[in-house]
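This report refers to the structure that appears directly beneath it.
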Amino acid sequence: MKNREGAIGYCLGMGNTYEDYPFRDKNWTLMRHIDNKKVFAWIFEKDGHVWINVKCEPGLLDYWRQIYHSVVPAFHLNKDHWNSIILDGTVPKEDIYEMINQSYMLTKKNNSKVNFKK
């Protein structure tokens with residue numbers, strides 16, 4: 001995966017997803033679930049590269065950051081839950097796909113609170 005079109009195409013291929021451009025700045029593409037509208041990938045260009053912000057389980061945040069120089073704390077998002085993947089050719093596409101898949105699954109879950117009847 002080397003460009004914005006490839007990232008968007010991969011995300012759309014996951015099923016029940018759509019791309020959104022909610023900001024005046026068209027540099028930002030948000031990939032959302034159709035069912036719950038939650039964002040699982042933020043795609044944008046910065047410093048001459050395409051970046052993808054993905055949600056990650058806390059135990060894996062540092063794992064990915066330590067393995068790849070181009071996986072960093074998320075740009076413009078909570079760094080305790082999100083990583084940025086810089087598409088500079090140094091992260092294998094299989095690992096990019098894995099991180100996007102994890103983000104997709106984490107945001108797909110229904111996190112609504114359960115109301116207990118008394």
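Order determines the names: the first chain of the structure tokens is A, the second B, and so forth; residues in each chain are numbered 1 upward, and ligands are numbered 1 upward as they are shown.
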
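Counting only C-alpha atoms, His69 (chain A) has the following residues at most 12 Å away, ignoring those fewer than 3 positions along the same chain: Asp62, Tyr63, Trp64, Arg65, Gln66, Val72, Pro73, Asn83, Ser84, Ile85, Ile86, Leu87, Asp88, Gly89, Thr90 and Val91 of chain A.
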
Please produce a file of the residues just selected, as a short mmCIF file (atom, residue, chain, number, x, y, z; two decimals), in the first residue's frame, where the atoms kept are N, CA, C and O atoms.
```
data_model
loop_
_atom_site.label_atom_id
_atom_site.label_comp_id
_atom_site.auth_asym_id
_atom_site.auth_seq_id
_atom_site.Cartn_x
_atom_site.Cartn_y
_atom_site.Cartn_z
N ASP A 62 2.64 0.27 21.67
CA ASP A 62 4.10 0.36 21.72
C ASP A 62 4.78 -0.73 20.91
O ASP A 62 5.87 -0.53 20.37
N TYR A 63 4.17 -1.89 20.80
CA TYR A 63 4.73 -2.97 19.99
C TYR A 63 4.96 -2.49 18.56
O TYR A 63 6.06 -2.62 18.02
N TRP A 64 3.91 -1.92 17.94
CA TRP A 64 4.05 -1.45 16.56
C TRP A 64 5.04 -0.29 16.46
O TRP A 64 5.82 -0.21 15.52
N ARG A 65 5.01 0.58 17.46
CA ARG A 65 5.92 1.75 17.45
C ARG A 65 7.38 1.33 17.57
O ARG A 65 8.26 1.96 17.01
N GLN A 66 7.64 0.27 18.32
CA GLN A 66 9.02 -0.20 18.49
C GLN A 66 9.52 -0.95 17.27
O GLN A 66 10.71 -0.89 16.95
N VAL A 72 3.97 5.76 14.53
CA VAL A 72 4.21 6.75 15.57
C VAL A 72 2.91 7.05 16.32
O VAL A 72 1.82 6.72 15.83
N PRO A 73 3.01 7.71 17.49
CA PRO A 73 1.78 8.13 18.16
C PRO A 73 0.92 8.96 17.21
O PRO A 73 1.43 9.78 16.45
N ASN A 83 -2.52 5.01 16.67
CA ASN A 83 -1.20 5.14 16.04
C ASN A 83 -1.37 5.72 14.65
O ASN A 83 -2.41 5.55 14.02
N SER A 84 -0.33 6.36 14.17
CA SER A 84 -0.26 6.78 12.77
C SER A 84 0.71 5.87 12.05
O SER A 84 1.82 5.61 12.54
N ILE A 85 0.31 5.40 10.88
CA ILE A 85 1.18 4.63 10.00
C ILE A 85 1.58 5.57 8.87
O ILE A 85 0.71 6.09 8.17
N ILE A 86 2.87 5.78 8.69
CA ILE A 86 3.36 6.63 7.61
C ILE A 86 3.69 5.72 6.43
O ILE A 86 4.52 4.82 6.55
N LEU A 87 3.03 5.93 5.31
CA LEU A 87 3.24 5.08 4.14
C LEU A 87 4.47 5.54 3.36
O LEU A 87 4.38 6.17 2.32
N ASP A 88 5.64 5.22 3.92
CA ASP A 88 6.90 5.58 3.28
C ASP A 88 7.64 4.39 2.69
O ASP A 88 8.78 4.47 2.29
N GLY A 89 6.97 3.24 2.67
CA GLY A 89 7.55 2.04 2.10
C GLY A 89 8.30 1.16 3.08
O GLY A 89 8.81 0.10 2.70
N THR A 90 8.38 1.55 4.35
CA THR A 90 9.16 0.77 5.31
C THR A 90 8.32 -0.22 6.12
O THR A 90 8.88 -1.10 6.76
N VAL A 91 7.00 -0.06 6.10
CA VAL A 91 6.12 -1.00 6.82
C VAL A 91 5.52 -1.95 5.80
O VAL A 91 4.87 -1.51 4.85
#
```

(request) Based on DSSP run over this structure's backbone, return all residues of chain A in helix (DSSP H, G or I), as a PyMOL selection string. (result) chain A and resi 4-12+58-67+93-108

(request) Write out as a ChimeraX atom specification all residues of chain A that backbone DSSP assigns to strand (DSSP E). (result) /A:17-20,29-33,39-46,49-55,71-73,82-87

(request) Just the residues within 7 Å of Trp82 (chain A), please, counting only C-alpha atoms, with nothing from its chain fewer than 5 positions along; format it as a PyMOL selection string. (result) chain A and resi 53-56+73-74+77

Include C-alpha atoms and write out the residues we just selected as an mmCIF file, in the first residue's frame.
```
data_model
loop_
_atom_site.group_PDB
_atom_site.id
_atom_site.type_symbol
_atom_site.label_atom_id
_atom_site.label_comp_id
_atom_site.auth_asym_id
_atom_site.auth_seq_id
_atom_site.Cartn_x
_atom_site.Cartn_y
_atom_site.Cartn_z
ATOM 1 C CA ASN A 53 -4.412 6.808 11.845
ATOM 2 C CA VAL A 54 -5.671 3.508 13.271
ATOM 3 C CA LYS A 55 -7.064 2.521 16.646
ATOM 4 C CA CYS A 56 -5.011 -0.031 18.524
ATOM 5 C CA PRO A 73 1.776 8.127 18.162
ATOM 6 C CA ALA A 74 -1.276 9.335 16.267
ATOM 7 C CA LEU A 77 -5.787 11.861 18.034
#
```

(request) Mind checking which residues fall within 10 Å of region 15-28 of chain A, counting only C-alpha atoms, ignoring those fewer than 6 positions away in the same chain, and posting them as a ChimeraX atom specification? (result) /A:8-9,34-46,50-52,104

Writing out the chosen residues with N, CA and C atoms as a compact mmCIF listing (two decimals), in the first residue's frame:
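File out-v8.txt, as written:
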```
# COMPACT_ATOMS: atom_id res chain seq x y z
N ILE A 8 -7.80 3.78 0.80
CA ILE A 8 -9.26 3.90 0.75
C ILE A 8 -9.87 2.62 0.18
N GLY A 9 -9.29 2.12 -0.89
CA GLY A 9 -9.79 0.90 -1.52
C GLY A 9 -9.75 -0.29 -0.58
N ILE A 34 -20.68 1.64 8.39
CA ILE A 34 -22.03 2.07 8.02
C ILE A 34 -22.96 1.97 9.22
N ASP A 35 -22.87 0.91 9.99
CA ASP A 35 -23.81 0.65 11.08
C ASP A 35 -23.74 1.65 12.22
N ASN A 36 -22.53 1.92 12.72
CA ASN A 36 -22.41 2.78 13.91
C ASN A 36 -21.75 4.13 13.63
N LYS A 37 -21.32 4.35 12.40
CA LYS A 37 -20.71 5.62 11.96
C LYS A 37 -19.34 5.90 12.59
N LYS A 38 -18.80 4.94 13.35
CA LYS A 38 -17.50 5.15 13.99
C LYS A 38 -16.38 5.12 12.96
N VAL A 39 -15.38 5.95 13.19
CA VAL A 39 -14.22 6.02 12.31
C VAL A 39 -13.22 4.95 12.72
N PHE A 40 -12.71 4.21 11.73
CA PHE A 40 -11.66 3.23 12.01
C PHE A 40 -10.35 3.58 11.32
N ALA A 41 -10.36 4.52 10.38
CA ALA A 41 -9.12 4.96 9.73
C ALA A 41 -9.25 6.42 9.31
N TRP A 42 -8.24 7.19 9.64
CA TRP A 42 -8.14 8.59 9.24
C TRP A 42 -7.00 8.65 8.23
N ILE A 43 -7.27 9.02 7.01
CA ILE A 43 -6.26 9.01 5.95
C ILE A 43 -6.00 10.46 5.54
N PHE A 44 -4.73 10.84 5.51
CA PHE A 44 -4.37 12.21 5.18
C PHE A 44 -2.93 12.27 4.69
N GLU A 45 -2.54 13.39 4.10
CA GLU A 45 -1.17 13.59 3.64
C GLU A 45 -0.48 14.59 4.55
N LYS A 46 0.77 14.27 4.89
CA LYS A 46 1.58 15.12 5.76
C LYS A 46 3.04 14.86 5.46
N VAL A 50 1.51 9.77 2.69
CA VAL A 50 0.17 9.47 3.16
C VAL A 50 0.31 8.85 4.55
N TRP A 51 -0.52 9.28 5.47
CA TRP A 51 -0.57 8.75 6.83
C TRP A 51 -1.94 8.12 7.04
N ILE A 52 -1.98 7.08 7.87
CA ILE A 52 -3.25 6.45 8.25
C ILE A 52 -3.26 6.34 9.78
N TYR A 104 -10.48 -1.68 12.62
CA TYR A 104 -11.83 -1.98 12.14
C TYR A 104 -12.60 -2.77 13.20
```

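Between CA of Thr29 (chain A) and CA of Asp47 (chain A) there is a distance of 16.5 Å.
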